[in-house]
$ cat run.pdb   # PDB, C-alpha atoms, pLDDT in the B column
ATOM      1  CA  MET A  37     -21.270 -82.100-118.465  1.00 61.00           C
ATOM      2  CA  ALA A  38     -20.060 -81.363-114.915  1.00 70.00           C
ATOM      3  CA  PRO A  39     -21.738 -77.917-114.788  1.00 75.00           C
ATOM      4  CA  MET A  40     -25.079 -79.636-115.481  1.00 81.00           C
ATOM      5  CA  VAL A  41     -24.856 -82.010-112.495  1.00 85.00           C
ATOM      6  CA  PRO A  42     -26.566 -79.608-110.032  1.00 88.00           C
ATOM      7  CA  LEU A  43     -29.385 -79.118-112.524  1.00 90.00           C
ATOM      8  CA  LEU A  44     -29.747 -82.882-112.853  1.00 90.00           C
ATOM      9  CA  LEU A  45     -29.839 -83.214-109.062  1.00 92.00           C
ATOM     10  CA  ILE A  46     -32.979 -81.100-108.849  1.00 96.00           C
ATOM     11  CA  ALA A  47     -34.779 -83.107-111.558  1.00 97.00           C
ATOM     12  CA  PRO A  48     -37.112 -84.801-109.015  1.00 97.00           C
ATOM     13  CA  LEU A  49     -37.929 -81.366-107.623  1.00 97.00           C
ATOM     14  CA  LEU A  50     -38.820 -80.136-111.121  1.00 98.00           C
ATOM     15  CA  VAL A  51     -41.132 -83.120-111.614  1.00 98.00           C
ATOM     16  CA  ALA A  52     -42.847 -82.193-108.332  1.00 98.00           C
ATOM     17  CA  VAL A  53     -43.211 -78.596-109.564  1.00 98.00           C
ATOM     18  CA  ALA A  54     -44.881 -79.745-112.791  1.00 97.00           C
ATOM     19  CA  TYR A  55     -47.228 -82.128-110.991  1.00 97.00           C
ATOM     20  CA  SER A  56     -48.199 -79.604-108.328  1.00 97.00           C
ATOM     21  CA  ASP A  57     -48.907 -76.856-110.839  1.00 96.00           C
ATOM     22  CA  LEU A  58     -50.847 -79.170-113.156  1.00 95.00           C
ATOM     23  CA  SER A  59     -52.946 -80.644-110.369  1.00 94.00           C
ATOM     24  CA  ARG A  60     -53.456 -77.636-108.091  1.00 94.00           C
ATOM     25  CA  MET A  61     -52.326 -74.584-110.111  1.00 94.00           C
ATOM     26  CA  ARG A  62     -49.932 -73.829-107.250  1.00 95.00           C
ATOM     27  CA  ILE A  63     -46.209 -74.203-106.750  1.00 97.00           C
ATOM     28  CA  PRO A  64     -45.556 -74.529-103.024  1.00 97.00           C
ATOM     29  CA  ASN A  65     -42.942 -72.190-101.569  1.00 97.00           C
ATOM     30  CA  ALA A  66     -41.203 -75.244-100.106  1.00 98.00           C
ATOM     31  CA  LEU A  67     -40.199 -76.430-103.591  1.00 98.00           C
ATOM     32  CA  SER A  68     -38.541 -73.111-104.429  1.00 97.00           C
ATOM     33  CA  LEU A  69     -36.861 -73.024-101.023  1.00 97.00           C
ATOM     34  CA  VAL A  70     -35.468 -76.549-101.457  1.00 97.00           C
ATOM     35  CA  ALA A  71     -34.036 -75.523-104.839  1.00 97.00           C
ATOM     36  CA  VAL A  72     -32.373 -72.469-103.283  1.00 97.00           C
ATOM     37  CA  ALA A  73     -31.004 -74.626-100.448  1.00 97.00           C
ATOM     38  CA  VAL A  74     -29.524 -77.106-102.942  1.00 96.00           C
ATOM     39  CA  PHE A  75     -27.966 -74.174-104.781  1.00 96.00           C
ATOM     40  CA  GLY A  76     -26.520 -72.946-101.482  1.00 96.00           C
ATOM     41  CA  LEU A  77     -24.763 -76.280-101.066  1.00 95.00           C
ATOM     42  CA  TYR A  78     -23.539 -76.164-104.656  1.00 93.00           C
ATOM     43  CA  ALA A  79     -22.248 -72.624-104.106  1.00 94.00           C
ATOM     44  CA  LEU A  80     -19.762 -73.985-101.577  1.00 93.00           C
ATOM     45  CA  ILE A  81     -17.847 -75.736-104.377  1.00 90.00           C
ATOM     46  CA  ALA A  82     -18.713 -73.672-107.469  1.00 87.00           C
ATOM     47  CA  PRO A  83     -16.470 -71.050-109.091  1.00 83.00           C
ATOM     48  CA  PRO A  84     -17.362 -67.673-107.509  1.00 87.00           C
ATOM     49  CA  ASP A  85     -17.301 -65.656-110.746  1.00 84.00           C
ATOM     50  CA  ASP A  86     -19.980 -67.901-112.283  1.00 87.00           C
ATOM     51  CA  LEU A  87     -22.092 -67.699-109.131  1.00 92.00           C
ATOM     52  CA  VAL A  88     -22.215 -63.912-109.201  1.00 93.00           C
ATOM     53  CA  LEU A  89     -23.698 -63.828-112.693  1.00 94.00           C
ATOM     54  CA  ARG A  90     -26.156 -66.635-111.938  1.00 95.00           C
ATOM     55  CA  ILE A  91     -27.387 -64.795-108.852  1.00 96.00           C
ATOM     56  CA  ALA A  92     -27.621 -61.523-110.800  1.00 96.00           C
ATOM     57  CA  VAL A  93     -29.697 -63.154-113.558  1.00 97.00           C
ATOM     58  CA  ALA A  94     -31.958 -64.935-111.057  1.00 98.00           C
ATOM     59  CA  GLY A  95     -32.398 -61.695-109.089  1.00 98.00           C
ATOM     60  CA  THR A  96     -33.238 -59.734-112.221  1.00 98.00           C
ATOM     61  CA  VAL A  97     -35.821 -62.326-113.270  1.00 98.00           C
ATOM     62  CA  PHE A  98     -37.270 -62.235-109.757  1.00 98.00           C
ATOM     63  CA  VAL A  99     -37.638 -58.444-109.795  1.00 98.00           C
ATOM     64  CA  LEU A 100     -39.136 -58.394-113.320  1.00 98.00           C
ATOM     65  CA  GLY A 101     -41.320 -61.369-112.445  1.00 97.00           C
ATOM     66  CA  PHE A 102     -42.573 -59.609-109.335  1.00 97.00           C
ATOM     67  CA  GLY A 103     -43.665 -56.731-111.543  1.00 97.00           C
ATOM     68  CA  ALA A 104     -45.452 -59.190-113.836  1.00 96.00           C
ATOM     69  CA  PHE A 105     -47.047 -60.796-110.764  1.00 96.00           C
ATOM     70  CA  CYS A 106     -48.307 -57.393-109.609  1.00 97.00           C
ATOM     71  CA  LEU A 107     -49.889 -56.931-113.038  1.00 96.00           C
ATOM     72  CA  GLY A 108     -51.545 -60.344-112.804  1.00 92.00           C
ATOM     73  CA  LEU A 109     -49.449 -61.792-115.638  1.00 92.00           C
ATOM     74  CA  PHE A 110     -47.528 -64.405-113.627  1.00 93.00           C
ATOM     75  CA  GLY A 111     -48.216 -66.469-110.545  1.00 94.00           C
ATOM     76  CA  GLY A 112     -46.023 -65.904-107.524  1.00 95.00           C
ATOM     77  CA  GLY A 113     -44.890 -69.530-107.448  1.00 96.00           C
ATOM     78  CA  ASP A 114     -43.930 -69.321-111.121  1.00 97.00           C
ATOM     79  CA  VAL A 115     -41.731 -66.284-110.483  1.00 98.00           C
ATOM     80  CA  LYS A 116     -40.029 -67.848-107.469  1.00 98.00           C
ATOM     81  CA  MET A 117     -39.422 -71.207-109.146  1.00 98.00           C
ATOM     82  CA  LEU A 118     -38.127 -69.747-112.410  1.00 98.00           C
ATOM     83  CA  SER A 119     -35.745 -67.526-110.445  1.00 98.00           C
ATOM     84  CA  ALA A 120     -34.572 -70.510-108.376  1.00 98.00           C
ATOM     85  CA  LEU A 121     -34.100 -72.616-111.513  1.00 98.00           C
ATOM     86  CA  LEU A 122     -31.939 -69.950-113.119  1.00 98.00           C
ATOM     87  CA  LEU A 123     -29.467 -70.335-110.263  1.00 97.00           C
ATOM     88  CA  PHE A 124     -28.667 -73.770-111.716  1.00 96.00           C
ATOM     89  CA  VAL A 125     -28.202 -72.727-115.336  1.00 96.00           C
ATOM     90  CA  PRO A 126     -24.488 -72.412-116.170  1.00 93.00           C
ATOM     91  CA  THR A 127     -23.645 -68.912-117.364  1.00 91.00           C
ATOM     92  CA  PRO A 128     -22.376 -69.921-120.828  1.00 92.00           C
ATOM     93  CA  THR A 129     -25.617 -71.811-121.517  1.00 94.00           C
ATOM     94  CA  MET A 130     -28.067 -69.081-120.477  1.00 95.00           C
ATOM     95  CA  PRO A 131     -28.828 -67.991-124.068  1.00 95.00           C
ATOM     96  CA  LEU A 132     -29.627 -71.599-124.960  1.00 96.00           C
ATOM     97  CA  PHE A 133     -31.812 -71.839-121.847  1.00 97.00           C
ATOM     98  CA  GLY A 134     -33.833 -68.897-123.166  1.00 97.00           C
ATOM     99  CA  PHE A 135     -34.597 -70.861-126.327  1.00 97.00           C
ATOM    100  CA  VAL A 136     -35.330 -74.049-124.381  1.00 98.00           C
ATOM    101  CA  PHE A 137     -37.657 -72.167-122.038  1.00 98.00           C
ATOM    102  CA  SER A 138     -39.470 -70.541-124.971  1.00 98.00           C
ATOM    103  CA  ALA A 139     -39.959 -73.927-126.620  1.00 98.00           C
ATOM    104  CA  SER A 140     -41.105 -75.350-123.278  1.00 98.00           C
ATOM    105  CA  MET A 141     -43.695 -72.589-122.960  1.00 97.00           C
ATOM    106  CA  LEU A 142     -45.101 -73.443-126.384  1.00 98.00           C
ATOM    107  CA  ALA A 143     -45.050 -77.168-125.618  1.00 98.00           C
ATOM    108  CA  GLY A 144     -46.678 -76.601-122.232  1.00 97.00           C
ATOM    109  CA  ILE A 145     -49.490 -74.564-123.765  1.00 95.00           C
ATOM    110  CA  ALA A 146     -50.049 -77.256-126.406  1.00 96.00           C
ATOM    111  CA  ILE A 147     -50.080 -80.006-123.773  1.00 95.00           C
ATOM    112  CA  VAL A 148     -52.544 -78.224-121.486  1.00 95.00           C
ATOM    113  CA  LEU A 149     -54.854 -77.216-124.337  1.00 93.00           C
ATOM    114  CA  GLY A 150     -54.720 -80.780-125.647  1.00 94.00           C
ATOM    115  CA  LEU A 151     -55.512 -82.251-122.244  1.00 93.00           C
ATOM    116  CA  ARG A 152     -58.421 -79.842-121.793  1.00 93.00           C
ATOM    117  CA  ARG A 153     -59.989 -81.340-124.918  1.00 93.00           C
ATOM    118  CA  LEU A 154     -59.767 -84.923-123.633  1.00 92.00           C
ATOM    119  CA  PRO A 155     -62.716 -86.064-121.496  1.00 92.00           C
ATOM    120  CA  ALA A 156     -60.522 -88.706-119.836  1.00 91.00           C
ATOM    121  CA  ALA A 157     -58.096 -86.024-118.655  1.00 91.00           C
ATOM    122  CA  HIS A 158     -60.929 -84.163-116.907  1.00 89.00           C
ATOM    123  CA  ARG A 159     -61.486 -87.210-114.692  1.00 90.00           C
ATOM    124  CA  LEU A 160     -58.094 -86.536-113.087  1.00 90.00           C
ATOM    125  CA  GLY A 161     -59.666 -83.553-111.358  1.00 89.00           C
ATOM    126  CA  TRP A 162     -56.629 -81.377-111.981  1.00 91.00           C
ATOM    127  CA  LYS A 163     -57.377 -77.659-111.771  1.00 91.00           C
ATOM    128  CA  SER A 164     -55.267 -76.835-114.824  1.00 92.00           C
ATOM    129  CA  ILE A 165     -57.374 -79.141-116.968  1.00 91.00           C
ATOM    130  CA  SER A 166     -60.843 -78.787-115.517  1.00 86.00           C
ATOM    131  CA  GLY A 167     -60.594 -75.010-115.266  1.00 73.00           C
ATOM    132  CA  SER A 168     -60.438 -73.122-118.524  1.00 65.00           C
ATOM    133  CA  THR A 169     -58.537 -70.163-117.141  1.00 74.00           C
ATOM    134  CA  GLY A 170     -54.885 -69.800-116.379  1.00 85.00           C
ATOM    135  CA  PHE A 171     -51.862 -71.728-117.478  1.00 92.00           C
ATOM    136  CA  PRO A 172     -49.685 -73.869-115.201  1.00 95.00           C
ATOM    137  CA  MET A 173     -46.312 -72.335-116.065  1.00 96.00           C
ATOM    138  CA  GLY A 174     -44.673 -74.739-113.600  1.00 97.00           C
ATOM    139  CA  LEU A 175     -45.018 -77.381-116.310  1.00 97.00           C
ATOM    140  CA  SER A 176     -42.951 -75.298-118.731  1.00 98.00           C
ATOM    141  CA  ILE A 177     -40.443 -74.285-116.071  1.00 98.00           C
ATOM    142  CA  ALA A 178     -39.927 -77.942-115.173  1.00 98.00           C
ATOM    143  CA  MET A 179     -39.662 -79.019-118.812  1.00 98.00           C
ATOM    144  CA  ALA A 180     -37.052 -76.338-119.481  1.00 98.00           C
ATOM    145  CA  GLY A 181     -34.984 -77.432-116.485  1.00 97.00           C
ATOM    146  CA  LEU A 182     -35.227 -81.081-117.488  1.00 97.00           C
ATOM    147  CA  VAL A 183     -34.492 -80.558-121.194  1.00 97.00           C
ATOM    148  CA  HIS A 184     -31.737 -77.961-120.855  1.00 96.00           C
ATOM    149  CA  PRO A 185     -28.919 -80.407-119.969  1.00 95.00           C
ATOM    150  CA  ALA A 186     -29.757 -82.614-122.967  1.00 93.00           C
ATOM    151  CA  ALA A 187     -30.025 -79.613-125.287  1.00 94.00           C
ATOM    152  CA  THR A 188     -26.669 -78.331-124.067  1.00 92.00           C
ATOM    153  CA  ILE A 189     -24.996 -81.684-124.656  1.00 89.00           C
ATOM    154  CA  LEU A 190     -26.611 -82.006-128.090  1.00 90.00           C
ATOM    155  CA  ILE A 191     -25.461 -78.541-129.138  1.00 88.00           C
ATOM    156  CA  ALA A 192     -21.957 -79.077-127.735  1.00 81.00           C
ATOM    157  CA  SER A 193     -21.596 -82.382-129.597  1.00 81.00           C
ATOM    158  CA  ARG A 194     -22.316 -80.640-132.908  1.00 79.00           C
ATOM    159  CA  LEU A 195     -19.812 -77.818-132.445  1.00 66.00           C
ATOM    160  CA  PRO A 196     -16.520 -78.137-134.294  1.00 69.00           C
ATOM    161  CA  VAL A 197     -13.574 -78.835-132.031  1.00 57.00           C
TER     162      VAL A 197
END

$ encode --input "run.pdb" --output "structure tokens"
Amino acid sequence: MAPMVPLLLIAPLLVAVAYSDLSRMRIPNALSLVAVAVFGLYALIAPPDDLVLRIAVAGTVFVLGFGAFCLGLFGGGDVKMLSALLLFVPTPTMPLFGFVFSASMLAGIAIVLGLRRLPAAHRLGWKSISGSTGFPMGLSIAMAGLVHPAATILIASRLPV
């Protein structure tokens, strides 16, 4: 559970990411920068070998995401926040995070499409709901970051000792 503590510490930040992307279809740079700053503090006490792989994975996702951004497939804020979030995912749980993120993408799409069909949701004035284009991936990024610790604990509790 201890490796998940830094991820739990940024939970309020992830909620802000989801809200901002749902309401404005933008993830402010400040949110990604705060996440990186929190990781910097965590890096002072974390095992160095784990940090190297986390940074390598986050950097790879950033580079690939930048390419997707250039092709108009991803938003810039999405790329930066997903890369920052990956800094907090413990190395042994990265494969599980991939599954959690995939499920979060599907859930996020279902949530947004469902909200777009509700007249009451349109009264919120959120760009992701009132506009019929684009998808607020910040919602899925936040859900993945929030669900990952619970999924890790659930999986670990079912493994034979």

$ axis_aligned_box --input "run.pdb" --around "stretch 117-136 of chain A" --padding-each-side "5 Å" --output "lines of an AutoDock Vina configuration file"
center_x = -30.9
center_y = -70.8
center_z = -117.4
size_x = 27.0
size_y = 16.5
size_z = 28.0

$ residues_around --input "run.pdb" --residues "stretch 150-167 of chain A" --least-positions-apart "2" --cutoff "8 Å" --atoms "only C-alpha atoms" --output "list in words"
Asp57, Leu58, Ser59, Arg60, Met61, Ala146, Ile147, Val148, Thr169, Gly170, Phe171 and Pro172 of chain A

$ closest_residue --input "run.pdb" --among "A:Phe102, A:Val115, A:Ile191, A:Ile63" --to "A:Thr129" --atoms "only C-alpha atoms"
A:Ile191

$ atom_distance --input "run.pdb" --atom1 "atom CA of A:Val53" --atom2 "atom CA of A:Pro83"
27.8 Å

$ closest_residue --input "run.pdb" --among "A:Val41, A:Ala192, A:Val88, A:Ala120" --to "A:Ile177" --atoms "all atoms listed in the file"
A:Ala120

$ residues_near_point --input "run.pdb" --point "(-21.7, -79.1, -116.9)" --cutoff "12 Å" --atoms "all atoms listed in the file" --output "NGL selection string"
:A and (37-44 or 82 or 124-129 or 184-189 or 192)

$ resolve_selection --input "run.pdb" --expression "the PyMOL selection byres ((chain A and resi 118) around 10)" --output "mmCIF file with C-alpha atoms, keeping the file's coordinate frame"
data_model
loop_
_atom_site.group_PDB
_atom_site.id
_atom_site.type_symbol
_atom_site.label_atom_id
_atom_site.label_comp_id
_atom_site.auth_asym_id
_atom_site.auth_seq_id
_atom_site.Cartn_x
_atom_site.Cartn_y
_atom_site.Cartn_z
ATOM 1 C CA SER A 68 -38.541 -73.111 -104.429
ATOM 2 C CA ALA A 94 -31.958 -64.935 -111.057
ATOM 3 C CA VAL A 97 -35.821 -62.326 -113.270
ATOM 4 C CA PHE A 98 -37.270 -62.235 -109.757
ATOM 5 C CA GLY A 101 -41.320 -61.369 -112.445
ATOM 6 C CA GLY A 113 -44.890 -69.530 -107.448
ATOM 7 C CA ASP A 114 -43.930 -69.321 -111.121
ATOM 8 C CA VAL A 115 -41.731 -66.284 -110.483
ATOM 9 C CA LYS A 116 -40.029 -67.848 -107.469
ATOM 10 C CA MET A 117 -39.422 -71.207 -109.146
ATOM 11 C CA SER A 119 -35.745 -67.526 -110.445
ATOM 12 C CA ALA A 120 -34.572 -70.510 -108.376
ATOM 13 C CA LEU A 121 -34.100 -72.616 -111.513
ATOM 14 C CA LEU A 122 -31.939 -69.950 -113.119
ATOM 15 C CA LEU A 123 -29.467 -70.335 -110.263
ATOM 16 C CA PHE A 137 -37.657 -72.167 -122.038
ATOM 17 C CA MET A 173 -46.312 -72.335 -116.065
ATOM 18 C CA GLY A 174 -44.673 -74.739 -113.600
ATOM 19 C CA SER A 176 -42.951 -75.298 -118.731
ATOM 20 C CA ILE A 177 -40.443 -74.285 -116.071
ATOM 21 C CA ALA A 178 -39.927 -77.942 -115.173
ATOM 22 C CA ALA A 180 -37.052 -76.338 -119.481
ATOM 23 C CA GLY A 181 -34.984 -77.432 -116.485
#

$ closest_residue --input "run.pdb" --among "A:Leu190, A:Leu45, A:Ala139, A:Ile145" --to "A:Leu77" --atoms "only C-alpha atoms"
A:Leu45

$ atom_distance --input "run.pdb" --atom1 "atom CA of A:Leu69" --atom2 "atom CA of A:Gly95"
14.6 Å
